[in-house]
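Raw contents of input-v2.tsv, TSV, C-alpha atoms:
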chain	number	residue	atom	x	y	z
A	464	MET	CA	2.50	11.03	-82.25
A	465	THR	CA	6.17	10.20	-82.81
A	466	LEU	CA	8.44	9.77	-85.81
A	467	ALA	CA	10.84	6.85	-85.74
A	468	MET	CA	13.91	5.99	-87.83
A	469	PRO	CA	14.58	9.52	-89.16
A	470	GLY	CA	18.15	8.65	-90.07
A	471	LEU	CA	17.12	6.58	-93.09
A	472	ALA	CA	16.01	9.65	-95.02
A	473	SER	CA	19.38	11.36	-94.88
A	474	ARG	CA	21.12	8.34	-96.36
A	475	ALA	CA	18.90	8.21	-99.41
A	476	GLY	CA	19.26	11.66	-100.88
A	477	ALA	CA	16.24	13.67	-101.92
A	478	GLU	CA	14.02	10.73	-102.90
A	479	SER	CA	10.64	10.88	-101.13
A	480	PRO	CA	10.41	8.46	-98.21
A	481	LEU	CA	8.02	5.56	-97.92
A	482	ARG	CA	6.10	6.36	-94.74
A	483	LEU	CA	4.43	3.73	-92.57
A	484	GLY	CA	2.02	4.81	-89.83
A	485	VAL	CA	1.48	2.46	-86.86
A	486	LEU	CA	-1.91	3.54	-85.51
A	487	THR	CA	-2.32	1.78	-82.19
A	488	ASP	CA	-3.24	1.95	-78.50
A	489	MET	CA	-0.13	3.14	-76.69
A	490	SER	CA	-1.63	3.94	-73.30
A	491	SER	CA	-5.08	2.44	-72.76
A	492	LEU	CA	-6.93	-0.88	-72.70
A	493	TYR	CA	-4.97	-2.66	-75.46
A	494	ALA	CA	-1.52	-1.17	-74.93
A	495	ASP	CA	-0.05	-4.48	-73.72
A	496	VAL	CA	-1.39	-6.53	-76.62
A	497	THR	CA	-0.54	-3.98	-79.34
A	498	GLY	CA	0.93	-0.56	-78.47
A	499	PRO	CA	4.71	-0.21	-78.10
A	500	GLY	CA	5.15	-3.85	-79.11
A	501	SER	CA	3.40	-3.22	-82.42
A	502	LEU	CA	5.78	-0.34	-83.11
A	503	VAL	CA	8.74	-2.60	-82.31
A	504	ALA	CA	7.35	-5.24	-84.67
A	505	ALA	CA	6.92	-2.76	-87.54
A	506	LYS	CA	10.49	-1.49	-87.10
A	507	MET	CA	11.78	-5.07	-87.08
A	508	ALA	CA	9.99	-5.71	-90.36
A	509	VAL	CA	11.63	-2.65	-91.90
A	510	ASP	CA	15.06	-3.73	-90.62
A	511	ASP	CA	14.60	-7.27	-91.94
A	512	PHE	CA	13.41	-6.01	-95.32
A	513	LEU	CA	16.39	-3.66	-95.63
A	514	ALA	CA	18.75	-6.51	-94.68
A	515	SER	CA	17.37	-8.70	-97.48
A	516	PRO	CA	17.98	-8.36	-101.24
A	517	HIS	CA	15.71	-5.60	-102.54
A	518	LYS	CA	15.48	-3.02	-105.29
A	519	MET	CA	13.92	-0.18	-103.32
A	520	LYS	CA	16.10	2.92	-103.01
A	521	ARG	CA	13.58	5.05	-101.12
A	522	PRO	CA	14.15	5.77	-97.45
A	523	ILE	CA	11.60	4.23	-95.07
A	524	GLU	CA	10.16	6.04	-92.09
A	525	VAL	CA	7.87	4.69	-89.35
A	526	LEU	CA	5.42	6.97	-87.56
A	527	SER	CA	3.34	6.01	-84.55
A	528	GLY	CA	0.07	7.42	-83.24
A	529	ASP	CA	-1.91	6.73	-80.05
A	530	HIS	CA	-5.66	6.64	-80.75
A	531	LEU	CA	-6.68	6.01	-77.11
A	532	ASN	CA	-9.44	3.67	-78.39
A	533	LYS	CA	-11.33	6.66	-79.77
A	534	ALA	CA	-12.51	6.33	-83.36
A	535	ASP	CA	-12.72	10.11	-83.90
A	536	LEU	CA	-9.13	10.57	-82.72
A	537	ALA	CA	-7.98	7.72	-84.96
A	538	VAL	CA	-9.66	9.36	-87.95
A	539	SER	CA	-8.01	12.69	-87.11
A	540	ILE	CA	-4.56	11.08	-86.92
A	541	ALA	CA	-5.10	9.11	-90.12
A	542	ARG	CA	-6.26	12.18	-92.01
A	543	GLU	CA	-3.29	14.24	-90.84
A	544	TRP	CA	-0.87	11.46	-91.74
A	545	ILE	CA	-2.30	11.07	-95.23
A	546	ASP	CA	-2.86	14.77	-96.03
A	547	ARG	CA	0.21	16.33	-94.40
A	548	ASN	CA	2.76	13.58	-93.84
A	549	ASN	CA	2.27	11.60	-97.07
A	550	VAL	CA	1.81	8.33	-95.18
A	551	ASP	CA	1.25	5.49	-97.66
A	552	VAL	CA	0.09	2.72	-95.31
A	553	ILE	CA	-1.58	2.59	-91.89
A	554	ILE	CA	-0.83	-0.49	-89.79
A	555	ASP	CA	-2.35	-2.32	-86.78
A	556	ALA	CA	-5.56	-0.37	-85.90
A	557	PRO	CA	-6.60	-2.25	-82.75
A	558	ASN	CA	-10.25	-1.81	-81.71
A	559	SER	CA	-12.73	-2.64	-84.45
A	560	SER	CA	-14.50	0.72	-84.20
A	561	VAL	CA	-11.15	2.40	-84.87
A	562	ALA	CA	-10.36	0.09	-87.79
A	563	LEU	CA	-13.77	0.56	-89.41
A	564	ALA	CA	-13.56	4.36	-89.12
A	565	THR	CA	-9.97	4.44	-90.41
A	566	ARG	CA	-10.95	2.18	-93.31
A	567	ASN	CA	-13.19	4.93	-94.69
A	568	ILE	CA	-10.41	7.56	-94.69
A	569	VAL	CA	-7.91	5.15	-96.23
A	570	GLN	CA	-10.25	4.10	-99.02
A	571	GLN	CA	-11.28	7.67	-99.82
A	572	SER	CA	-7.59	8.63	-100.07
A	573	ASN	CA	-6.64	5.44	-101.96
A	574	LYS	CA	-3.98	4.44	-99.44
A	575	THR	CA	-3.40	1.05	-97.77
A	576	LEU	CA	-4.66	-0.28	-94.43
A	577	LEU	CA	-3.09	-3.36	-92.83
A	578	VAL	CA	-5.28	-4.45	-89.92
A	579	SER	CA	-3.72	-6.66	-87.27
A	580	GLY	CA	-5.22	-5.50	-83.97
A	581	ALA	CA	-8.92	-5.32	-84.83
A	582	SER	CA	-10.93	-8.53	-85.06
A	583	SER	CA	-14.38	-7.78	-86.51
A	584	SER	CA	-15.10	-10.15	-89.38
A	585	ASP	CA	-17.05	-7.29	-90.98
A	586	LEU	CA	-13.68	-5.92	-92.15
A	587	THR	CA	-13.67	-8.56	-94.89
A	588	GLY	CA	-17.46	-8.89	-94.92
A	589	LYS	CA	-20.04	-6.16	-95.27
A	590	GLN	CA	-17.44	-3.46	-94.46
A	591	CYS	CA	-14.74	-4.83	-96.78
A	592	SER	CA	-12.48	-2.53	-98.78
A	593	PRO	CA	-10.19	-3.08	-101.78
A	594	ASN	CA	-7.62	-1.00	-99.87
A	595	LEU	CA	-7.54	-3.28	-96.81
A	596	VAL	CA	-5.80	-6.48	-95.71
A	597	HIS	CA	-6.98	-8.17	-92.50
A	598	TRP	CA	-4.07	-10.23	-91.27
A	599	THR	CA	-4.03	-11.87	-87.86
A	600	TYR	CA	-7.46	-13.16	-86.87
A	601	ASP	CA	-11.14	-12.32	-86.91
A	602	THR	CA	-14.25	-12.96	-84.87
A	603	PHE	CA	-15.40	-15.77	-87.16
A	604	ALA	CA	-12.18	-17.78	-86.74
A	605	LEU	CA	-11.96	-17.14	-83.00
A	606	SER	CA	-15.59	-18.05	-82.30
A	607	THR	CA	-15.73	-21.10	-84.57
A	608	GLY	CA	-12.60	-22.75	-83.21
A	609	THR	CA	-13.51	-22.23	-79.57
A	610	ALA	CA	-17.20	-23.12	-79.98
A	611	ARG	CA	-16.36	-26.44	-81.65
A	612	ALA	CA	-14.12	-27.46	-78.76
A	613	VAL	CA	-16.48	-26.37	-75.99
A	614	VAL	CA	-19.69	-27.78	-77.51
A	615	ALA	CA	-17.89	-31.08	-78.22
A	616	GLU	CA	-17.16	-31.31	-74.51
A	617	GLY	CA	-20.83	-30.86	-73.61
A	618	GLY	CA	-21.17	-27.08	-73.38
A	619	LYS	CA	-24.53	-26.69	-75.14
A	620	SER	CA	-26.13	-23.66	-73.43
A	621	TRP	CA	-24.28	-20.32	-73.54
A	622	PHE	CA	-24.56	-16.88	-71.94
A	623	THR	CA	-22.55	-14.00	-73.43
A	624	LEU	CA	-20.85	-11.04	-71.75
A	625	THR	CA	-20.22	-8.75	-74.69
A	626	ALA	CA	-18.10	-5.60	-74.98
A	627	ASP	CA	-20.52	-3.01	-76.34
A	628	TYR	CA	-18.80	-1.87	-79.54
A	629	ALA	CA	-18.12	-3.13	-83.05
A	630	PHE	CA	-15.82	-6.02	-82.11
A	631	GLY	CA	-18.17	-7.34	-79.44
A	632	HIS	CA	-21.23	-7.10	-81.66
A	633	ALA	CA	-19.49	-8.97	-84.50
A	634	MET	CA	-18.13	-11.66	-82.17
A	635	GLU	CA	-21.49	-12.09	-80.48
A	636	GLY	CA	-23.14	-12.75	-83.84
A	637	ASP	CA	-20.41	-15.16	-84.90
A	638	ILE	CA	-20.61	-17.01	-81.57
A	639	LYS	CA	-24.39	-17.41	-81.84
A	640	ASN	CA	-24.12	-18.74	-85.38
A	641	ALA	CA	-21.31	-21.14	-84.51
A	642	VAL	CA	-22.99	-22.51	-81.38
A	643	GLN	CA	-26.34	-22.97	-83.13
A	644	LYS	CA	-24.77	-24.79	-86.09
A	645	LEU	CA	-23.16	-27.18	-83.59
A	646	GLY	CA	-26.49	-27.94	-81.92
A	647	GLY	CA	-26.18	-25.59	-78.93
A	648	SER	CA	-27.94	-22.34	-78.07
A	649	VAL	CA	-27.23	-18.92	-76.60
A	650	ILE	CA	-29.90	-18.54	-73.91
A	651	GLY	CA	-29.02	-15.02	-72.78
A	652	GLY	CA	-26.49	-12.24	-72.69
A	653	VAL	CA	-25.55	-8.79	-71.49
A	654	ARG	CA	-23.50	-6.01	-73.06
A	655	THR	CA	-20.81	-4.28	-71.02
A	656	PRO	CA	-19.05	-0.92	-71.45
A	657	ILE	CA	-15.49	-1.02	-72.75
A	658	ASN	CA	-12.74	-0.60	-70.13
A	659	THR	CA	-14.93	-1.85	-67.28
A	660	GLN	CA	-13.46	-2.28	-63.82
A	661	ASP	CA	-16.43	-3.99	-62.11
A	662	PHE	CA	-18.07	-6.99	-63.79
A	663	SER	CA	-19.92	-8.19	-60.71
A	664	SER	CA	-23.47	-7.32	-61.82
A	665	PHE	CA	-22.87	-8.84	-65.26
A	666	LEU	CA	-21.38	-12.02	-63.82
A	667	LEU	CA	-24.32	-12.36	-61.43
A	668	GLN	CA	-26.70	-12.28	-64.41
A	669	ALA	CA	-24.60	-14.93	-66.13
A	670	GLN	CA	-24.53	-17.05	-62.99
A	671	SER	CA	-28.29	-16.84	-62.51
A	672	SER	CA	-28.92	-17.84	-66.13
A	673	LYS	CA	-27.74	-21.39	-65.30
A	674	ALA	CA	-26.05	-21.54	-68.71
A	675	GLN	CA	-23.37	-24.20	-68.96
A	676	VAL	CA	-20.96	-21.79	-70.65
A	677	ILE	CA	-20.29	-18.12	-69.90
A	678	ALA	CA	-18.56	-16.60	-72.94
A	679	LEU	CA	-16.45	-13.51	-72.28
A	680	ILE	CA	-16.63	-11.50	-75.50
A	681	ASN	CA	-14.09	-8.86	-74.56
A	682	ALA	CA	-10.36	-8.31	-74.80
A	683	GLY	CA	-7.26	-7.01	-73.05
A	684	GLY	CA	-7.86	-5.46	-69.64
A	685	ASP	CA	-11.56	-6.30	-69.76
A	686	THR	CA	-10.75	-10.00	-70.20
A	687	ILE	CA	-8.29	-9.90	-67.32
A	688	ASN	CA	-10.78	-8.19	-64.99
A	689	SER	CA	-13.72	-10.42	-65.90
A	690	ILE	CA	-11.70	-13.64	-65.47
A	691	LYS	CA	-10.31	-12.52	-62.11
A	692	GLN	CA	-13.76	-11.62	-60.87
A	693	SER	CA	-15.31	-14.85	-62.16
A	694	VAL	CA	-12.74	-16.73	-60.06
A	695	GLU	CA	-13.59	-14.58	-57.03
A	696	PHE	CA	-17.28	-15.39	-57.55
A	697	GLY	CA	-16.47	-19.10	-57.70
A	698	ILE	CA	-18.39	-19.50	-60.95
A	699	SER	CA	-16.48	-22.54	-62.16
A	700	GLN	CA	-16.98	-24.21	-58.76
A	701	GLY	CA	-20.72	-23.95	-59.37
A	702	GLY	CA	-20.42	-26.05	-62.50
A	703	GLN	CA	-20.45	-23.28	-65.11
A	704	ARG	CA	-17.57	-22.95	-67.54
A	705	VAL	CA	-15.98	-19.58	-68.30
A	706	VAL	CA	-14.67	-19.28	-71.86
A	707	ALA	CA	-12.46	-16.45	-73.11
A	708	THR	CA	-13.29	-15.89	-76.76
A	709	VAL	CA	-10.21	-13.66	-77.09
A	710	LEU	CA	-7.12	-14.33	-75.00
A	711	TYR	CA	-3.64	-12.90	-75.47
A	712	LEU	CA	-0.28	-13.99	-74.11
A	713	SER	CA	-0.04	-10.75	-72.13
A	714	ASP	CA	-3.42	-11.51	-70.50
A	715	VAL	CA	-2.20	-14.89	-69.29
A	716	HIS	CA	1.04	-13.33	-68.06
A	717	SER	CA	-0.96	-10.79	-66.05
A	718	LEU	CA	-3.44	-13.32	-64.69
A	719	GLY	CA	-0.85	-15.97	-63.82
A	720	LEU	CA	-1.21	-19.68	-64.55
A	721	LYS	CA	-2.95	-20.40	-61.25
A	722	THR	CA	-5.89	-18.23	-62.35
A	723	ALA	CA	-5.80	-18.84	-66.11
A	724	GLN	CA	-5.06	-22.59	-66.14
A	725	GLY	CA	-7.39	-24.72	-68.24
A	726	LEU	CA	-8.75	-21.89	-70.39
A	727	GLN	CA	-9.15	-23.03	-73.99
A	728	PHE	CA	-9.10	-20.47	-76.79
A	729	THR	CA	-8.31	-20.03	-80.47
A	730	GLU	CA	-5.27	-18.07	-81.63
A	731	SER	CA	-3.17	-17.57	-84.76
A	732	PHE	CA	0.33	-17.32	-83.27
A	733	TYR	CA	2.31	-18.45	-80.24
A	734	TRP	CA	5.93	-17.58	-79.66
A	735	ASP	CA	6.90	-21.19	-78.77
A	736	LEU	CA	5.21	-22.81	-81.76
A	737	ASN	CA	8.31	-23.63	-83.84
A	738	ASP	CA	11.95	-22.68	-84.45
A	739	GLY	CA	10.98	-19.64	-86.55
A	740	THR	CA	8.66	-18.16	-83.92
A	741	ARG	CA	11.19	-18.81	-81.15
A	742	ALA	CA	14.09	-17.20	-83.03
A	743	TRP	CA	12.05	-14.10	-83.85
A	744	THR	CA	10.86	-13.79	-80.24
A	745	LYS	CA	14.44	-13.85	-78.98
A	746	ARG	CA	15.04	-10.74	-81.07
A	747	PHE	CA	11.72	-9.09	-80.23
A	748	ALA	CA	11.62	-9.43	-76.43
A	749	PRO	CA	14.75	-7.35	-75.61
A	750	LEU	CA	13.32	-4.53	-77.75
A	751	ASN	CA	9.97	-4.73	-75.92
A	752	LYS	CA	11.19	-4.46	-72.33
A	753	GLY	CA	11.44	-8.23	-72.01
A	754	LYS	CA	7.76	-8.81	-72.89
A	755	TYR	CA	7.08	-11.66	-75.29
A	756	PRO	CA	5.00	-11.01	-78.43
A	757	THR	CA	1.25	-11.32	-78.76
A	758	ALA	CA	-0.35	-12.56	-81.96
A	759	LEU	CA	-1.33	-8.99	-82.82
A	760	GLN	CA	2.27	-7.80	-82.66
A	761	ALA	CA	3.33	-10.79	-84.75
A	762	GLY	CA	0.67	-9.80	-87.26
A	763	VAL	CA	2.08	-6.28	-87.49
A	764	TYR	CA	5.51	-7.68	-88.32
A	765	ALA	CA	4.29	-10.16	-90.92
A	766	SER	CA	1.86	-7.80	-92.67
A	767	THR	CA	4.41	-4.99	-92.78
A	768	LEU	CA	7.07	-7.27	-94.21
A	769	HIS	CA	4.73	-8.55	-96.93
A	770	TYR	CA	3.71	-4.98	-97.76
A	771	LEU	CA	7.34	-3.91	-98.15
A	772	LYS	CA	8.14	-6.91	-100.35
A	773	THR	CA	5.12	-6.09	-102.51
A	774	VAL	CA	5.95	-2.39	-102.90
A	775	ASP	CA	9.51	-3.40	-103.79
A	776	GLN	CA	8.24	-5.66	-106.58
A	777	PHE	CA	5.39	-3.37	-107.63
A	778	GLY	CA	7.61	-0.30	-107.76
A	779	SER	CA	5.12	2.16	-106.25
A	780	SER	CA	3.13	2.80	-103.07
A	781	SER	CA	0.92	5.69	-104.21
A	782	ASP	CA	-2.05	3.68	-105.49
A	783	GLY	CA	-3.25	1.82	-102.41
A	784	LYS	CA	-5.84	-0.29	-104.21
A	785	ALA	CA	-3.26	-1.45	-106.74
A	786	VAL	CA	-0.78	-2.26	-103.97
A	787	VAL	CA	-3.35	-4.40	-102.15
A	788	GLN	CA	-4.16	-6.20	-105.41
A	789	ALA	CA	-0.46	-6.93	-105.80
A	790	MET	CA	-0.27	-8.15	-102.18
A	791	LYS	CA	-3.05	-10.63	-102.97
A	792	LYS	CA	-1.21	-11.94	-106.04
A	793	MET	CA	2.06	-12.49	-104.16
A	794	PRO	CA	2.16	-15.58	-101.88
A	795	THR	CA	2.94	-14.72	-98.26
A	796	ASP	CA	5.91	-16.25	-96.48
A	797	ASP	CA	7.35	-15.22	-93.11
A	798	PRO	CA	8.79	-16.99	-90.03
A	799	LEU	CA	5.74	-16.30	-87.85
A	800	PHE	CA	2.78	-17.49	-89.93
A	801	GLY	CA	4.58	-19.52	-92.58
A	802	LYS	CA	3.40	-19.74	-96.17
A	803	GLY	CA	-0.04	-18.42	-97.00
A	804	GLU	CA	-2.09	-16.12	-99.18
A	805	ILE	CA	-4.40	-13.14	-99.08
A	806	ARG	CA	-7.88	-13.87	-100.37
A	807	ILE	CA	-9.74	-11.61	-102.78
A	808	ASP	CA	-11.80	-10.09	-99.91
A	809	GLY	CA	-8.61	-9.08	-98.08
A	810	ARG	CA	-8.65	-11.96	-95.60
A	811	LYS	CA	-5.15	-13.34	-94.88
A	812	LEU	CA	-5.34	-17.14	-94.78
A	813	HIS	CA	-3.20	-19.20	-92.43
A	814	ASN	CA	-3.60	-21.87	-89.76
A	815	MET	CA	-5.40	-21.13	-86.53
A	816	TYR	CA	-4.71	-23.09	-83.33
A	817	LEU	CA	-6.73	-24.28	-80.37
A	818	PHE	CA	-4.62	-23.83	-77.24
A	819	GLU	CA	-5.11	-24.58	-73.56
A	820	VAL	CA	-3.40	-22.62	-70.78
A	821	LYS	CA	-1.02	-24.85	-68.86
A	822	LYS	CA	-1.21	-25.67	-65.18
A	823	PRO	CA	1.55	-24.00	-63.11
A	824	GLU	CA	3.38	-27.31	-62.70
A	825	GLU	CA	3.41	-27.87	-66.46
A	826	SER	CA	5.31	-24.65	-67.25
A	827	ARG	CA	9.03	-25.31	-67.67
A	828	TYR	CA	10.49	-21.88	-68.47
A	829	PRO	CA	9.48	-18.17	-68.64
A	830	TRP	CA	6.40	-17.48	-70.81
A	831	ASP	CA	5.80	-21.24	-71.27
A	832	TYR	CA	2.04	-20.88	-70.98
A	833	TYR	CA	0.25	-22.80	-73.74
A	834	LYS	CA	-0.16	-26.36	-74.91
A	835	LEU	CA	-1.38	-27.00	-78.43
A	836	ILE	CA	-4.64	-28.95	-78.60
A	837	LYS	CA	-5.41	-28.74	-82.31
A	838	THR	CA	-4.21	-27.14	-85.53
A	839	ILE	CA	-7.12	-25.68	-87.49
A	840	PRO	CA	-6.38	-25.48	-91.25
A	841	PRO	CA	-7.44	-22.41	-93.24
A	842	ALA	CA	-10.35	-24.16	-94.96
A	843	GLU	CA	-11.84	-24.87	-91.54
A	844	ALA	CA	-10.78	-21.69	-89.74
A	845	TRP	CA	-12.09	-18.88	-91.94
A	846	ARG	CA	-15.54	-17.92	-93.19
A	847	PRO	CA	-16.05	-19.45	-96.65
A	848	LEU	CA	-15.91	-16.95	-99.48
A	849	SER	CA	-19.27	-18.29	-100.64
A	850	GLU	CA	-20.82	-16.84	-97.45
A	851	SER	CA	-19.13	-13.46	-97.78
A	852	GLU	CA	-21.08	-10.21	-97.71
A	853	CYS	CA	-18.16	-8.32	-99.29
A	854	SER	CA	-19.59	-6.17	-102.07
A	855	PHE	CA	-16.59	-5.59	-104.35
A	856	ILE	CA	-15.79	-9.29	-104.86
A	857	LYS	CA	-19.16	-9.70	-106.57
A	858	THR	CA	-18.31	-7.04	-109.16
As a first step, turn the structure in this file into structure tokens.
Amino acid sequence: MTLAMPGLASRAGAESPLRLGVLTDMSSLYADVTGPGSLVAAKMAVDDFLASPHKMKRPIEVLSGDHLNKADLAVSIAREWIDRNNVDVIIDAPNSSVALATRNIVQQSNKTLLVSGASSSDLTGKQCSPNLVHWTYDTFALSTGTARAVVAEGGKSWFTLTADYAFGHAMEGDIKNAVQKLGGSVIGGVRTPINTQDFSSFLLQAQSSKAQVIALINAGGDTINSIKQSVEFGISQGGQRVVATVLYLSDVHSLGLKTAQGLQFTESFYWDLNDGTRAWTKRFAPLNKGKYPTALQAGVYASTLHYLKTVDQFGSSSDGKAVVQAMKKMPTDDPLFGKGEIRIDGRKLHNMYLFEVKKPEESRYPWDYYKLIKTIPPAEAWRPLSESECSFIKT
């Protein structure tokens, strides 16, 4: 665990600092999609807030913790931060099991949790919290956007390869619901351990199912490994289509366009989407060892910036529930996601996008990997509030 930006405290006298804790995966499966880049994004948000007109006189400090994709370790770090370090907000929380476990500590302590890295739609559903904002994406939005596109192109029968933890379970349920509503069916599936190196036995089951679509419900290194091995098995040559339900820019960079070309997927952010995203990326990449931002890292920046603006207006960070209520009342506006809002259940609403990975000959410059197929407006992208299982919105 490291402490960043200590110099701010000395410039602000004895006033107690506002402490932000970036709880992320620095060294394991999701380090490329969150990790050091998420810490960079949080620091950029602090810098940009301090460079803008504001009333806050408190110093701001950013801590980082590596949870190694272990929920018990994440809880231990969160508890220490809150009890000993007076951390007011915990940010990122990749891995849905980590986010769900951290949510309990944050709510009990009445602090704030800004989730960018975890995707389970349960975070604003049956596991919702008045102390939580879920920013970047969720399993409902990812599954619905991709399923619509694939079923429309004739992919009616599906087989799922599912990461066996909270994210995978939530995505699997959302995929089944989405495919069935569109007139398709999930005819089989298998659950795989997280951080798996060998997908051969699972891919053989998928191949033998004769399903038209093999849905990879995994992320990060698991997605990279399963796609590489599906190519080695020649699955697409046999007429089956491999679909990545979660795909990050860093995954495509690792796979290369020759392997990843043609993959369609749903995402909330792409660095080359508009002038605002491009300008921010030019600042981000040199601070992240030349690596371009993923959507999760963009979500850390945007959620942190909105939090700081809210605390500045609200005048306090101690009552996490009240801060989140204030975040919901204040419209969101940043260069990465544009104008938006946070719904009563904590769901951040913005456009989602259906992208397709370019062919190698279509890429014109470094990190030019995606072409936009469709913009999915918020009303179409996110689970309707009328279908929510969130308990506190009913009271």
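Nearest-residue note for Val705 (chain A): choosing from A:Ala669, A:Asn573, A:Pro480, A:Gln788, the minimum distance belongs to A:Ala669, counting all atoms listed in the file.
CA of Gly683 (chain A) to CA of Tyr493 (chain A) spans 5.5 Å [interatomic distance, one decimal].
Non-sequential neighbours of Gly498 (chain A) (distance at most 6 Å, separation of 5 or more positions within a chain, all atoms listed in the file) are A:Thr487, A:Asp488, A:Met489.
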Can you list every residue of region 758-839 of chain A that has an atom at most 10 Å from region 712-727 of chain A, with its nearest atom pair and the distance in Å to one decimal, using all atoms listed in the file, ordered by chain then number, as a tab-separated table?
residue	atom	partner	partner_atom	distance
A:Ala758	CA	A:Leu712	CA	8.0
A:Leu817	CA	A:Gln727	CA	6.9
A:Phe818	CA	A:Gln727	CA	5.6
A:Glu819	CA	A:Gln727	CA	4.3
A:Val820	CA	A:Gln724	CA	4.9
A:Lys821	CA	A:Gln724	CA	5.4
A:Lys822	CA	A:Gln724	CA	5.0
A:Pro823	CA	A:Leu720	CA	5.3
A:Glu824	CA	A:Leu720	CA	9.1
A:Glu825	CA	A:Leu720	CA	9.6
A:Ser826	CA	A:Leu720	CA	8.6
A:Pro829	CA	A:His716	CA	9.7
A:Trp830	CA	A:His716	CA	7.3
A:Asp831	CA	A:His716	CA	9.8
A:Tyr832	CA	A:Leu720	CA	7.3
A:Tyr833	CA	A:Leu712	CA	8.8
A:Lys834	CA	A:Gln727	CA	9.6
A:Leu835	CA	A:Gln727	CA	9.8
A:Ile836	CA	A:Gln727	CA	8.8
Per residue of region 497-561 of chain A within 12 Å of region 594-614 of chain A, which atom pair is closest and at what distance in Å (one decimal), using only C-alpha atoms, listed by chain and increasing number, as a Markdown table?
| residue | atom | partner | partner_atom | distance |
| --- | --- | --- | --- | --- |
| A:Asp551 | CA | A:Asn594 | CA | 11.2 |
| A:Val552 | CA | A:Asn594 | CA | 9.7 |
| A:Ile553 | CA | A:Leu595 | CA | 9.7 |
| A:Ile554 | CA | A:Val596 | CA | 9.8 |
| A:Asp555 | CA | A:Trp598 | CA | 9.3 |
| A:Ala556 | CA | A:His597 | CA | 10.3 |
| A:Pro557 | CA | A:Thr599 | CA | 11.2 |
| A:Asn558 | CA | A:Asp601 | CA | 11.8 |
| A:Ser559 | CA | A:Asp601 | CA | 10.1 |
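When CA of Ala707 (chain A) is paired with CA of Ala678 (chain A), their separation reads 6.1 Å.
Each of A:Ala748, A:Ala615, A:Leu486, A:Ala742 was checked against Leu526 (chain A) using only C-alpha atoms; the smallest atom-to-atom distance is that of A:Leu486.
With CA of Ser579 (chain A) on one side and CA of Pro840 (chain A) on the other, the separation reads 19.4 Å.
Non-sequential neighbours of region 620-626 of chain A (distance at most 6 Å, separation of 4 or more positions within a chain, all atoms listed in the file) are Gly631, Gly647, Ser648, Val649, Ile650, Gly651, Gly652, Val653, Arg654, Thr655, Pro656, Ile657, Ala674, Gln675, Val676, Ile677, Ala678, Leu679, Ile680 and Asn681 of chain A.
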Just C-alpha atoms for this one: save the residues we selected as a CSV table (one decimal), in the frame of the given file.
chain,number,residue,atom,x,y,z
A,631,GLY,CA,-18.2,-7.3,-79.4
A,647,GLY,CA,-26.2,-25.6,-78.9
A,648,SER,CA,-27.9,-22.3,-78.1
A,649,VAL,CA,-27.2,-18.9,-76.6
A,650,ILE,CA,-29.9,-18.5,-73.9
A,651,GLY,CA,-29.0,-15.0,-72.8
A,652,GLY,CA,-26.5,-12.2,-72.7
A,653,VAL,CA,-25.6,-8.8,-71.5
A,654,ARG,CA,-23.5,-6.0,-73.1
A,655,THR,CA,-20.8,-4.3,-71.0
A,656,PRO,CA,-19.0,-0.9,-71.4
A,657,ILE,CA,-15.5,-1.0,-72.8
A,674,ALA,CA,-26.0,-21.5,-68.7
A,675,GLN,CA,-23.4,-24.2,-69.0
A,676,VAL,CA,-21.0,-21.8,-70.6
A,677,ILE,CA,-20.3,-18.1,-69.9
A,678,ALA,CA,-18.6,-16.6,-72.9
A,679,LEU,CA,-16.4,-13.5,-72.3
A,680,ILE,CA,-16.6,-11.5,-75.5
A,681,ASN,CA,-14.1,-8.9,-74.6
Query raised in the report: Using all atoms listed in the file, which of the listed residues (A:Lys639, A:Lys837, A:Lys772, A:Lys752) sits closest to Tyr816 (chain A)?
Result: A:Lys837
Where is the centre and how long are the edges: axis-aligned box on region 626-635 of chain A, 3 Å on each side, Å to one decimal, as lines of an AutoDock Vina configuration file:
center_x = -18.7
center_y = -7.0
center_z = -79.7
size_x = 11.7
size_y = 16.2
size_z = 15.5
Query - Given all atoms listed in the file as the counted atoms, nearest of A:Ala785, A:Leu481, A:Ala844, A:Val561 to Leu536 (chain A) - result: A:Val561
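Comparing the minimum interatomic distances between Val538 (chain A) and each of A:Val525, A:Leu513, A:Ala564, A:Val787, counting all atoms listed in the file, we find that A:Ala564 sits nearest.
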Query raised in the report: Closest to Lys533 (chain A) among A:Ser490, A:Ser672, A:Ser854, A:Ser781, using all atoms listed in the file?
Result: A:Ser490
Report task. Write out as a ChimeraX atom specification each polymer residue whose atoms come within 9 Å of region 696-700 of chain A, counting all atoms listed in the file; drop sequence neighbours fewer than 6 positions from it. Result -> /A:663,666-667,670
Query raised in the report: If you count all atoms listed in the file, which residues fall within 7 Å of Asn814 (chain A), apart from same-chain ones fewer than 6 positions away, as JSON, numbers by chain?
Result: {"A": [731, 838, 839, 840, 841]}
So that I have them on file, write out the residues from the current selection with C-alpha atoms, as a PDB file, in the frame of the given file.
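What ended up in selection-v9.pdb:
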ATOM      1  CA  SER A 731      -3.170 -17.570 -84.760  1.00  0.00           C
ATOM      2  CA  THR A 838      -4.210 -27.140 -85.530  1.00  0.00           C
ATOM      3  CA  ILE A 839      -7.120 -25.680 -87.490  1.00  0.00           C
ATOM      4  CA  PRO A 840      -6.380 -25.480 -91.250  1.00  0.00           C
ATOM      5  CA  PRO A 841      -7.440 -22.410 -93.240  1.00  0.00           C
TER       6      PRO A 841
END
